[in-house]
file query-v6.pdb (PDB, C-alpha atoms)
MODEL        1
ATOM      1  CA  MET A   1     -15.238 -50.525 -22.193
ATOM      2  CA  HIS A   2     -14.121 -47.072 -21.015
ATOM      3  CA  LYS A   3     -13.971 -46.669 -17.259
ATOM      4  CA  VAL A   4     -14.500 -43.350 -15.490
ATOM      5  CA  GLY A   5     -12.457 -43.232 -12.315
ATOM      6  CA  LEU A   6     -14.125 -41.989  -9.166
ATOM      7  CA  LEU A   7     -11.254 -39.546  -8.669
ATOM      8  CA  GLY A   8     -11.712 -38.058 -12.117
ATOM      9  CA  PRO A   9     -13.807 -35.024 -11.069
ATOM     10  CA  TRP A  10     -11.514 -34.332  -8.091
ATOM     11  CA  ALA A  11      -8.427 -34.597 -10.271
ATOM     12  CA  ARG A  12      -9.868 -32.113 -12.748
ATOM     13  CA  ALA A  13     -10.810 -29.729  -9.939
ATOM     14  CA  TRP A  14      -7.332 -29.954  -8.408
ATOM     15  CA  LYS A  15      -5.749 -29.334 -11.811
ATOM     16  CA  SER A  16      -7.909 -26.239 -12.183
ATOM     17  CA  VAL A  17      -6.800 -24.934  -8.783
ATOM     18  CA  ARG A  18      -3.146 -25.547  -9.595
ATOM     19  CA  MET A  19      -3.462 -23.772 -12.924
ATOM     20  CA  ALA A  20      -5.172 -20.780 -11.314
ATOM     21  CA  SER A  21      -2.583 -20.490  -8.529
ATOM     22  CA  SER A  22       0.261 -20.681 -11.035
ATOM     23  CA  GLY A  23      -1.231 -17.856 -13.075
ATOM     24  CA  ILE A  24      -1.885 -20.025 -16.153
ATOM     25  CA  THR A  25      -5.555 -19.045 -16.276
ATOM     26  CA  ARG A  26      -5.006 -15.447 -15.151
ATOM     27  CA  ARG A  27      -2.577 -13.887 -17.586
ATOM     28  CA  ASP A  28      -2.358 -10.124 -16.978
ATOM     29  CA  PRO A  29      -5.464  -9.919 -14.751
ATOM     30  CA  LEU A  30      -4.931  -6.157 -14.399
ATOM     31  CA  ALA A  31      -4.371  -5.424 -18.083
ATOM     32  CA  ASN A  32      -5.199  -1.793 -18.948
ATOM     33  CA  LYS A  33      -5.844  -0.940 -15.298
ATOM     34  CA  VAL A  34      -4.118   2.113 -13.826
ATOM     35  CA  ALA A  35      -2.665   1.870 -10.332
ATOM     36  CA  VAL A  36      -1.267   4.587  -8.080
ATOM     37  CA  VAL A  37       0.966   3.546  -5.181
ATOM     38  CA  THR A  38       2.229   6.001  -2.568
ATOM     39  CA  ALA A  39       5.639   5.610  -0.898
ATOM     40  CA  SER A  40       6.590   3.062  -3.531
ATOM     41  CA  THR A  41      10.255   3.563  -4.390
ATOM     42  CA  ASP A  42      11.555   0.894  -2.019
ATOM     43  CA  GLY A  43      10.491  -1.776   0.466
ATOM     44  CA  ILE A  44       6.867  -2.843   0.656
ATOM     45  CA  GLY A  45       5.631  -0.116  -1.668
ATOM     46  CA  LEU A  46       8.079  -1.037  -4.412
ATOM     47  CA  ALA A  47       7.177  -4.719  -4.109
ATOM     48  CA  ILE A  48       3.474  -3.868  -4.433
ATOM     49  CA  ALA A  49       4.109  -1.645  -7.454
ATOM     50  CA  ARG A  50       6.160  -4.375  -9.129
ATOM     51  CA  ARG A  51       3.474  -7.016  -8.632
ATOM     52  CA  LEU A  52       0.708  -4.752  -9.931
ATOM     53  CA  ALA A  53       2.778  -4.039 -13.038
ATOM     54  CA  GLN A  54       3.619  -7.728 -13.473
ATOM     55  CA  ASP A  55      -0.125  -8.396 -13.487
ATOM     56  CA  GLY A  56      -0.529  -5.964 -16.371
ATOM     57  CA  ALA A  57      -1.356  -2.628 -14.721
ATOM     58  CA  HIS A  58       0.118   0.728 -15.675
ATOM     59  CA  VAL A  59       1.614   1.834 -12.356
ATOM     60  CA  VAL A  60       2.437   5.340 -11.164
ATOM     61  CA  ILE A  61       4.844   5.252  -8.232
ATOM     62  CA  SER A  62       5.760   8.116  -5.925
ATOM     63  CA  SER A  63       8.108   9.244  -3.203
ATOM     64  CA  ARG A  64       9.192  12.462  -1.523
ATOM     65  CA  LYS A  65      12.512  12.578  -3.421
ATOM     66  CA  GLN A  66      12.923  12.831  -7.182
ATOM     67  CA  GLU A  67      16.157  10.824  -7.089
ATOM     68  CA  LYS A  68      14.410   7.841  -5.520
ATOM     69  CA  VAL A  69      11.537   8.083  -7.997
ATOM     70  CA  ASP A  70      13.944   8.101 -10.938
ATOM     71  CA  GLN A  71      15.875   5.110  -9.598
ATOM     72  CA  ALA A  72      12.748   3.042  -8.946
ATOM     73  CA  VAL A  73      11.204   3.874 -12.312
ATOM     74  CA  ALA A  74      14.434   2.920 -14.110
ATOM     75  CA  LYS A  75      14.617  -0.337 -12.155
ATOM     76  CA  LEU A  76      11.060  -1.430 -12.921
ATOM     77  CA  GLN A  77      11.122  -0.265 -16.515
ATOM     78  CA  GLY A  78      14.325  -2.270 -16.868
ATOM     79  CA  GLU A  79      12.255  -5.315 -15.944
ATOM     80  CA  GLY A  80       9.949  -4.571 -18.854
ATOM     81  CA  LEU A  81       7.151  -3.158 -16.700
ATOM     82  CA  SER A  82       4.821  -0.234 -17.440
ATOM     83  CA  VAL A  83       5.833   2.123 -14.649
ATOM     84  CA  THR A  84       6.126   5.887 -14.376
ATOM     85  CA  GLY A  85       6.519   8.106 -11.336
ATOM     86  CA  THR A  86       6.382  11.526  -9.758
ATOM     87  CA  VAL A  87       7.347  13.215  -6.528
ATOM     88  CA  CYS A  88       4.594  13.161  -3.925
ATOM     89  CA  HIS A  89       4.723  14.100  -0.265
ATOM     90  CA  VAL A  90       1.291  12.810   0.756
ATOM     91  CA  GLY A  91       1.048  15.425   3.493
ATOM     92  CA  LYS A  92       0.940  18.185   0.862
ATOM     93  CA  ALA A  93      -2.293  18.817  -1.035
ATOM     94  CA  GLU A  94      -0.480  20.086  -4.137
ATOM     95  CA  ASP A  95       1.611  16.911  -4.304
ATOM     96  CA  ARG A  96      -1.444  14.675  -3.994
ATOM     97  CA  GLU A  97      -3.108  16.625  -6.784
ATOM     98  CA  ARG A  98      -0.017  16.269  -8.971
ATOM     99  CA  LEU A  99       0.058  12.495  -8.430
ATOM    100  CA  VAL A 100      -3.562  12.137  -9.520
ATOM    101  CA  THR A 101      -3.096  14.504 -12.463
ATOM    102  CA  THR A 102      -0.024  12.588 -13.618
ATOM    103  CA  ALA A 103      -1.876   9.258 -13.643
ATOM    104  CA  VAL A 104      -4.861  10.720 -15.505
ATOM    105  CA  LYS A 105      -2.711  12.580 -18.032
ATOM    106  CA  LEU A 106      -0.538   9.546 -18.818
ATOM    107  CA  HIS A 107      -3.130   6.772 -18.691
ATOM    108  CA  GLY A 108      -6.577   8.358 -18.831
ATOM    109  CA  GLY A 109      -7.777   7.580 -15.297
ATOM    110  CA  ILE A 110      -7.239   5.645 -12.074
ATOM    111  CA  ASP A 111      -8.566   2.203 -11.157
ATOM    112  CA  ILE A 112      -6.453   1.277  -8.133
ATOM    113  CA  LEU A 113      -4.955   3.182  -5.216
ATOM    114  CA  VAL A 114      -2.571   1.592  -2.739
ATOM    115  CA  SER A 115      -2.066   3.980   0.168
ATOM    116  CA  ASN A 116       1.248   2.883   1.659
ATOM    117  CA  ALA A 117       2.829   6.116   2.923
ATOM    118  CA  ALA A 118       3.366   6.343   6.682
ATOM    119  CA  VAL A 119       5.775   7.722   9.262
ATOM    120  CA  ASN A 120       6.928   6.673  12.697
ATOM    121  CA  PRO A 121       9.043   9.567  14.023
ATOM    122  CA  VAL A 122       9.113   8.523  17.687
ATOM    123  CA  PHE A 123      10.060   5.528  19.804
ATOM    124  CA  LYS A 124       8.859   6.221  23.315
ATOM    125  CA  LYS A 125       6.066   5.599  25.783
ATOM    126  CA  LEU A 126       2.705   6.848  24.554
ATOM    127  CA  ILE A 127       2.337   9.150  27.548
ATOM    128  CA  ASP A 128       5.565  10.922  26.522
ATOM    129  CA  VAL A 129       4.588  11.661  22.916
ATOM    130  CA  THR A 130       4.473  15.423  22.345
ATOM    131  CA  GLU A 131       1.689  17.344  20.619
ATOM    132  CA  GLU A 132       3.943  18.045  17.642
ATOM    133  CA  GLU A 133       4.787  14.354  17.307
ATOM    134  CA  TRP A 134       1.100  13.409  17.481
ATOM    135  CA  ASP A 135       0.315  15.956  14.793
ATOM    136  CA  LYS A 136       2.929  14.510  12.430
ATOM    137  CA  VAL A 137       1.905  10.873  12.908
ATOM    138  CA  LEU A 138      -1.821  11.495  12.542
ATOM    139  CA  HIS A 139      -1.407  13.980   9.687
ATOM    140  CA  ILE A 140       0.605  11.622   7.492
ATOM    141  CA  ASN A 141      -0.730   8.221   8.522
ATOM    142  CA  VAL A 142      -4.428   9.040   8.810
ATOM    143  CA  LYS A 143      -5.454  12.442   7.457
ATOM    144  CA  ALA A 144      -3.264  12.288   4.344
ATOM    145  CA  THR A 145      -4.541   8.776   3.606
ATOM    146  CA  ALA A 146      -8.129  10.007   3.741
ATOM    147  CA  MET A 147      -7.314  13.004   1.547
ATOM    148  CA  MET A 148      -5.485  10.834  -0.993
ATOM    149  CA  ILE A 149      -8.538   8.604  -1.263
ATOM    150  CA  ASN A 150     -10.778  11.643  -1.653
ATOM    151  CA  ALA A 151      -8.601  12.773  -4.550
ATOM    152  CA  VAL A 152      -8.852   9.514  -6.518
ATOM    153  CA  VAL A 153     -12.522   8.669  -5.976
ATOM    154  CA  PRO A 154     -13.843  11.055  -8.672
ATOM    155  CA  GLU A 155     -11.486   9.468 -11.207
ATOM    156  CA  MET A 156     -12.559   5.960 -10.210
ATOM    157  CA  GLU A 157     -16.209   6.946 -10.571
ATOM    158  CA  LYS A 158     -15.558   8.004 -14.165
ATOM    159  CA  ARG A 159     -14.336   4.469 -14.895
ATOM    160  CA  GLY A 160     -17.282   2.775 -13.234
ATOM    161  CA  GLY A 161     -15.532   1.779 -10.022
ATOM    162  CA  GLY A 162     -12.189   0.899  -8.546
ATOM    163  CA  SER A 163     -10.226  -0.528  -5.672
ATOM    164  CA  VAL A 164      -8.548   1.136  -2.688
ATOM    165  CA  VAL A 165      -6.046  -0.717  -0.535
ATOM    166  CA  ILE A 166      -4.949   0.908   2.716
ATOM    167  CA  VAL A 167      -1.722  -0.467   4.171
ATOM    168  CA  SER A 168      -2.003  -0.767   7.937
ATOM    169  CA  SER A 169      -0.122  -3.028  10.361
ATOM    170  CA  ILE A 170      -0.660  -5.957  12.681
ATOM    171  CA  ALA A 171       0.469  -3.460  15.324
ATOM    172  CA  ALA A 172      -3.077  -2.122  15.186
ATOM    173  CA  PHE A 173      -4.116  -5.327  16.987
ATOM    174  CA  HIS A 174      -0.949  -6.160  18.932
ATOM    175  CA  PRO A 175       0.910  -2.930  19.739
ATOM    176  CA  PRO A 176       4.579  -3.408  20.649
ATOM    177  CA  PRO A 177       6.095  -1.162  23.345
ATOM    178  CA  GLY A 178       7.531   2.145  22.202
ATOM    179  CA  LEU A 179       5.370   2.449  19.092
ATOM    180  CA  GLY A 180       2.170   3.699  20.701
ATOM    181  CA  SER A 181       1.394   6.670  18.475
ATOM    182  CA  TYR A 182       2.166   4.657  15.335
ATOM    183  CA  CYS A 183      -0.105   1.843  16.528
ATOM    184  CA  VAL A 184      -2.939   4.267  17.262
ATOM    185  CA  SER A 185      -2.643   5.700  13.747
ATOM    186  CA  LYS A 186      -2.722   2.231  12.212
ATOM    187  CA  THR A 187      -5.785   1.351  14.294
ATOM    188  CA  ALA A 188      -7.468   4.497  12.964
ATOM    189  CA  LEU A 189      -6.877   3.234   9.422
ATOM    190  CA  LEU A 190      -9.005   0.198  10.200
ATOM    191  CA  GLY A 191     -11.864   2.509  11.170
ATOM    192  CA  LEU A 192     -11.288   4.582   8.056
ATOM    193  CA  THR A 193     -11.494   1.432   5.940
ATOM    194  CA  LYS A 194     -14.783   0.324   7.507
ATOM    195  CA  CYS A 195     -16.430   3.706   7.007
ATOM    196  CA  LEU A 196     -15.214   4.177   3.436
ATOM    197  CA  ALA A 197     -16.124   0.624   2.450
ATOM    198  CA  ILE A 198     -19.743   1.427   3.295
ATOM    199  CA  GLU A 199     -19.753   4.899   1.760
ATOM    200  CA  LEU A 200     -18.041   3.943  -1.488
ATOM    201  CA  ASP A 201     -19.847   0.660  -2.114
ATOM    202  CA  PRO A 202     -22.656   2.377  -4.086
ATOM    203  CA  LYS A 203     -19.942   3.811  -6.348
ATOM    204  CA  ASN A 204     -18.597   0.289  -7.024
ATOM    205  CA  ILE A 205     -15.343   1.117  -5.232
ATOM    206  CA  ARG A 206     -13.929  -1.562  -2.934
ATOM    207  CA  VAL A 207     -11.924  -0.549   0.138
ATOM    208  CA  ASN A 208      -9.690  -3.045   1.882
ATOM    209  CA  CYS A 209      -7.115  -2.803   4.654
ATOM    210  CA  LEU A 210      -3.861  -4.759   4.574
ATOM    211  CA  HIS A 211      -2.391  -5.520   8.003
ATOM    212  CA  LEU A 212       1.305  -6.270   7.650
ATOM    213  CA  ASP A 213       3.329  -8.028  10.314
ATOM    214  CA  LEU A 214       6.046  -5.597  11.379
ATOM    215  CA  SER A 215       6.756  -7.339  14.675
ATOM    216  CA  GLY A 216      10.475  -7.031  14.107
ATOM    217  CA  LEU A 217      10.320  -3.249  13.810
ATOM    218  CA  ALA A 218      10.499  -2.462  17.522
ATOM    219  CA  SER A 219      13.322  -4.897  18.230
ATOM    220  CA  ALA A 220      15.276  -3.620  15.235
ATOM    221  CA  ARG A 221      14.803  -0.041  16.411
ATOM    222  CA  ARG A 222      15.968  -0.913  19.923
ATOM    223  CA  SER A 223      18.975  -2.799  18.557
ATOM    224  CA  GLY A 224      19.919   0.237  16.496
ATOM    225  CA  GLU A 225      19.676   2.518  19.512
ATOM    226  CA  THR A 226      21.814   0.118  21.555
ATOM    227  CA  ARG A 227      24.527   0.097  18.878
ATOM    228  CA  ASN A 228      24.512   3.877  18.712
ATOM    229  CA  LYS A 229      24.927   4.142  22.475
ATOM    230  CA  ARG A 230      27.860   1.774  22.378
ATOM    231  CA  LYS A 231      29.467   3.917  19.700
ATOM    232  CA  GLY A 232      28.860   7.014  21.787
ATOM    233  CA  GLN A 233      26.480   8.533  19.256
TER     234      GLN A 233
ENDMDL
END

call {"tool": "encode", "arguments": {"input": "query-v6.pdb", "output": "structure tokens"}}
result
Amino acid sequence: MHKVGLLGPWARAWKSVRMASSGITRRDPLANKVAVVTASTDGIGLAIARRLAQDGAHVVISSRKQEKVDQAVAKLQGEGLSVTGTVCHVGKAEDRERLVTTAVKLHGGIDILVSNAAVNPVFKKLIDVTEEEWDKVLHINVKATAMMINAVVPEMEKRGGGSVVIVSSIAAFHPPPGLGSYCVSKTALLGLTKCLAIELDPKNIRVNCLHLDLSGLASARRSGETRNKRKGQ
């Protein structure tokens, strides 16, 4: 007589979880999707672009320098991934427009935007940040992010929806000393995410905010400054 073990259903469920986590049941989950990633020629942005392409998406990367774009595109294409790129300084309207136009011209539309571009030009007490420094941080980290999203939404609507991922930082919740203006800008991105998530929901566009742990940034910056002082720089 055939016996059915009590652990049978649990074993099958666990096998299903393991298969899903290993990617066995999700081959190319982003097949035929088009993703645009800003500031994506190295570091976090490049890693995000690579993973999107590995999951089947056609990815358009960008950076402020053509040389970096060419190098990153060659690297990812050398891995057999569907990646193209163009120069884009997110603070410039014409560059944002070119990035969107490039994605639409090459792949017919846009399904995913990962807004990763950001700057941190100062390391000082918040009270000492100048007006010009505030303008630069807020222009690139907040305003340009909002404008980049505005530029892709019409293209996402044409495809019935899409996904926006805004890259913020854990510093929005736990600001380290010396990075005040940067932390304020990253906190603003959380508010931007909440507002856009509500506004774009009827358009079937998801908006999420990714808070990365950059806790080592301040200490690394201070260590660099200490080394420079010792060298007399």

call {"tool": "closest_residue", "arguments": {"input": "query-v6.pdb", "among": "A:Leu126, A:Leu200, A:Val69, A:Leu81", "to": "Pro176 (chain A)", "atoms": "only C-alpha atoms"}}
result
A:Leu126

call {"tool": "atom_distance", "arguments": {"input": "query-v6.pdb", "atom1": "CA of Gln54 (chain A)", "atom2": "CA of Ala72 (chain A)"}}
result
14.8 Å

call {"tool": "residues_around", "arguments": {"input": "query-v6.pdb", "residues": "Arg51 (chain A)", "least_positions_apart": "4", "cutoff": "12 Å", "atoms": "only C-alpha atoms", "output": "list of chain:residue names"}}
result
A:Asp28, A:Pro29, A:Leu30, A:Ala35, A:Val37, A:Ser40, A:Ile44, A:Gly45, A:Leu46, A:Ala47, A:Asp55, A:Gly56, A:Ala57, A:His58, A:Val59, A:Leu76, A:Glu79, A:Leu81, A:Ser82, A:Val83

call {"tool": "atom_distance", "arguments": {"input": "query-v6.pdb", "atom1": "CA of Cys88 (chain A)", "atom2": "CA of Asn116 (chain A)"}}
result
12.2 Å

call {"tool": "resolve_selection", "arguments": {"input": "query-v6.pdb", "expression": "the PyMOL selection byres ((chain A and resi 152) around 9)", "output": "PDB file with C-alpha atoms, keeping the file's coordinate frame"}}
result
ATOM      1  CA  VAL A 100      -3.562  12.137  -9.520  1.00  0.00           C
ATOM      2  CA  ILE A 110      -7.239   5.645 -12.074  1.00  0.00           C
ATOM      3  CA  ASP A 111      -8.566   2.203 -11.157  1.00  0.00           C
ATOM      4  CA  ILE A 112      -6.453   1.277  -8.133  1.00  0.00           C
ATOM      5  CA  LEU A 113      -4.955   3.182  -5.216  1.00  0.00           C
ATOM      6  CA  MET A 147      -7.314  13.004   1.547  1.00  0.00           C
ATOM      7  CA  MET A 148      -5.485  10.834  -0.993  1.00  0.00           C
ATOM      8  CA  ILE A 149      -8.538   8.604  -1.263  1.00  0.00           C
ATOM      9  CA  ASN A 150     -10.778  11.643  -1.653  1.00  0.00           C
ATOM     10  CA  ALA A 151      -8.601  12.773  -4.550  1.00  0.00           C
ATOM     11  CA  VAL A 153     -12.522   8.669  -5.976  1.00  0.00           C
ATOM     12  CA  PRO A 154     -13.843  11.055  -8.672  1.00  0.00           C
ATOM     13  CA  GLU A 155     -11.486   9.468 -11.207  1.00  0.00           C
ATOM     14  CA  MET A 156     -12.559   5.960 -10.210  1.00  0.00           C
ATOM     15  CA  GLU A 157     -16.209   6.946 -10.571  1.00  0.00           C
TER      16      GLU A 157
END

call {"tool": "axis_aligned_box", "arguments": {"input": "query-v6.pdb", "around": "region 42-57 of chain A", "padding_each_side": "4 Å", "output": "JSON"}}
result
{"center_x": 5.1, "center_y": -3.8, "center_z": -7.9, "size_x": 20.9, "size_y": 17.3, "size_z": 25.0}

call {"tool": "residues_around", "arguments": {"input": "query-v6.pdb", "residues": "Ser63 (chain A)", "least_positions_apart": "2", "cutoff": "12 Å", "atoms": "all atoms listed in the file", "output": "PyMOL selection string"}}
result
chain A and resi 36-43+45-46+60-61+65-73+84-91+95-96+99+115-118

call {"tool": "resolve_selection", "arguments": {"input": "query-v6.pdb", "expression": "the PyMOL selection byres ((chain A and resi 133) around 12)", "output": "list in words"}}
result
Val119, Asn120, Pro121, Val122, Phe123, Lys124, Leu126, Ile127, Asp128, Val129, Thr130, Glu131, Glu132, Trp134, Asp135, Lys136, Val137, Leu138, His139, Ile140, Gly180, Ser181, Tyr182 and Ser185 of chain A

call {"tool": "atom_distance", "arguments": {"input": "query-v6.pdb", "atom1": "CA of Ala146 (chain A)", "atom2": "CA of Glu97 (chain A)"}}
result
13.4 Å

call {"tool": "closest_residue", "arguments": {"input": "query-v6.pdb", "among": "A:Arg50, A:His107, A:Arg98, A:Arg64", "to": "Val34 (chain A)", "atoms": "all atoms listed in the file"}}
result
A:His107

call {"tool": "decode", "arguments": {"input": "query-v6.pdb", "residues": "region 27-43 of chain A", "atoms": "N, CA, C and O atoms", "output": "PDB file, in the first residue's frame"}}
result
ATOM      1  N   ARG A  27      12.808  32.223 -15.624  1.00  0.00           N
ATOM      2  CA  ARG A  27      13.778  32.496 -16.675  1.00  0.00           C
ATOM      3  C   ARG A  27      13.408  33.789 -17.391  1.00  0.00           C
ATOM      4  O   ARG A  27      12.303  33.942 -17.891  1.00  0.00           O
ATOM      5  N   ASP A  28      14.354  34.723 -17.471  1.00  0.00           N
ATOM      6  CA  ASP A  28      14.138  35.992 -18.166  1.00  0.00           C
ATOM      7  C   ASP A  28      12.819  36.660 -17.782  1.00  0.00           C
ATOM      8  O   ASP A  28      11.953  36.918 -18.641  1.00  0.00           O
ATOM      9  N   PRO A  29      12.619  36.985 -16.508  1.00  0.00           N
ATOM     10  CA  PRO A  29      11.346  37.580 -16.085  1.00  0.00           C
ATOM     11  C   PRO A  29      11.099  38.955 -16.702  1.00  0.00           C
ATOM     12  O   PRO A  29       9.967  39.426 -16.694  1.00  0.00           O
ATOM     13  N   LEU A  30      12.153  39.591 -17.218  1.00  0.00           N
ATOM     14  CA  LEU A  30      11.985  40.917 -17.824  1.00  0.00           C
ATOM     15  C   LEU A  30      12.153  40.873 -19.341  1.00  0.00           C
ATOM     16  O   LEU A  30      12.459  41.896 -19.968  1.00  0.00           O
ATOM     17  N   ALA A  31      11.943  39.719 -19.926  1.00  0.00           N
ATOM     18  CA  ALA A  31      12.083  39.575 -21.375  1.00  0.00           C
ATOM     19  C   ALA A  31      11.229  40.597 -22.116  1.00  0.00           C
ATOM     20  O   ALA A  31      10.058  40.795 -21.798  1.00  0.00           O
ATOM     21  N   ASN A  32      11.862  41.278 -23.080  1.00  0.00           N
ATOM     22  CA  ASN A  32      11.214  42.278 -23.936  1.00  0.00           C
ATOM     23  C   ASN A  32      10.855  43.566 -23.209  1.00  0.00           C
ATOM     24  O   ASN A  32      10.211  44.448 -23.792  1.00  0.00           O
ATOM     25  N   LYS A  33      11.239  43.695 -21.946  1.00  0.00           N
ATOM     26  CA  LYS A  33      11.055  44.956 -21.241  1.00  0.00           C
ATOM     27  C   LYS A  33      12.228  45.883 -21.571  1.00  0.00           C
ATOM     28  O   LYS A  33      13.331  45.433 -21.867  1.00  0.00           O
ATOM     29  N   VAL A  34      11.971  47.181 -21.503  1.00  0.00           N
ATOM     30  CA  VAL A  34      13.008  48.175 -21.778  1.00  0.00           C
ATOM     31  C   VAL A  34      13.266  48.982 -20.515  1.00  0.00           C
ATOM     32  O   VAL A  34      12.342  49.567 -19.950  1.00  0.00           O
ATOM     33  N   ALA A  35      14.519  48.987 -20.089  1.00  0.00           N
ATOM     34  CA  ALA A  35      14.890  49.669 -18.845  1.00  0.00           C
ATOM     35  C   ALA A  35      15.895  50.783 -19.115  1.00  0.00           C
ATOM     36  O   ALA A  35      16.841  50.612 -19.885  1.00  0.00           O
ATOM     37  N   VAL A  36      15.685  51.900 -18.459  1.00  0.00           N
ATOM     38  CA  VAL A  36      16.611  53.037 -18.515  1.00  0.00           C
ATOM     39  C   VAL A  36      17.188  53.230 -17.121  1.00  0.00           C
ATOM     40  O   VAL A  36      16.440  53.298 -16.138  1.00  0.00           O
ATOM     41  N   VAL A  37      18.512  53.315 -17.035  1.00  0.00           N
ATOM     42  CA  VAL A  37      19.177  53.479 -15.742  1.00  0.00           C
ATOM     43  C   VAL A  37      20.112  54.678 -15.820  1.00  0.00           C
ATOM     44  O   VAL A  37      21.016  54.712 -16.663  1.00  0.00           O
ATOM     45  N   THR A  38      19.919  55.655 -14.958  1.00  0.00           N
ATOM     46  CA  THR A  38      20.805  56.823 -14.955  1.00  0.00           C
ATOM     47  C   THR A  38      22.033  56.552 -14.091  1.00  0.00           C
ATOM     48  O   THR A  38      21.998  55.733 -13.176  1.00  0.00           O
ATOM     49  N   ALA A  39      23.125  57.240 -14.407  1.00  0.00           N
ATOM     50  CA  ALA A  39      24.393  57.081 -13.679  1.00  0.00           C
ATOM     51  C   ALA A  39      24.739  55.603 -13.541  1.00  0.00           C
ATOM     52  O   ALA A  39      24.885  55.078 -12.439  1.00  0.00           O
ATOM     53  N   SER A  40      24.874  54.932 -14.677  1.00  0.00           N
ATOM     54  CA  SER A  40      24.956  53.467 -14.653  1.00  0.00           C
ATOM     55  C   SER A  40      26.190  52.904 -15.345  1.00  0.00           C
ATOM     56  O   SER A  40      26.167  51.780 -15.847  1.00  0.00           O
ATOM     57  N   THR A  41      27.280  53.657 -15.356  1.00  0.00           N
ATOM     58  CA  THR A  41      28.490  53.145 -16.006  1.00  0.00           C
ATOM     59  C   THR A  41      29.484  52.544 -15.017  1.00  0.00           C
ATOM     60  O   THR A  41      30.502  51.994 -15.418  1.00  0.00           O
ATOM     61  N   ASP A  42      29.205  52.673 -13.729  1.00  0.00           N
ATOM     62  CA  ASP A  42      30.036  52.006 -12.728  1.00  0.00           C
ATOM     63  C   ASP A  42      29.252  51.888 -11.422  1.00  0.00           C
ATOM     64  O   ASP A  42      28.132  52.371 -11.305  1.00  0.00           O
ATOM     65  N   GLY A  43      29.849  51.218 -10.441  1.00  0.00           N
ATOM     66  CA  GLY A  43      29.252  51.119  -9.118  1.00  0.00           C
ATOM     67  C   GLY A  43      27.863  50.517  -9.087  1.00  0.00           C
ATOM     68  O   GLY A  43      27.552  49.559  -9.800  1.00  0.00           O
TER      69      GLY A  43
END
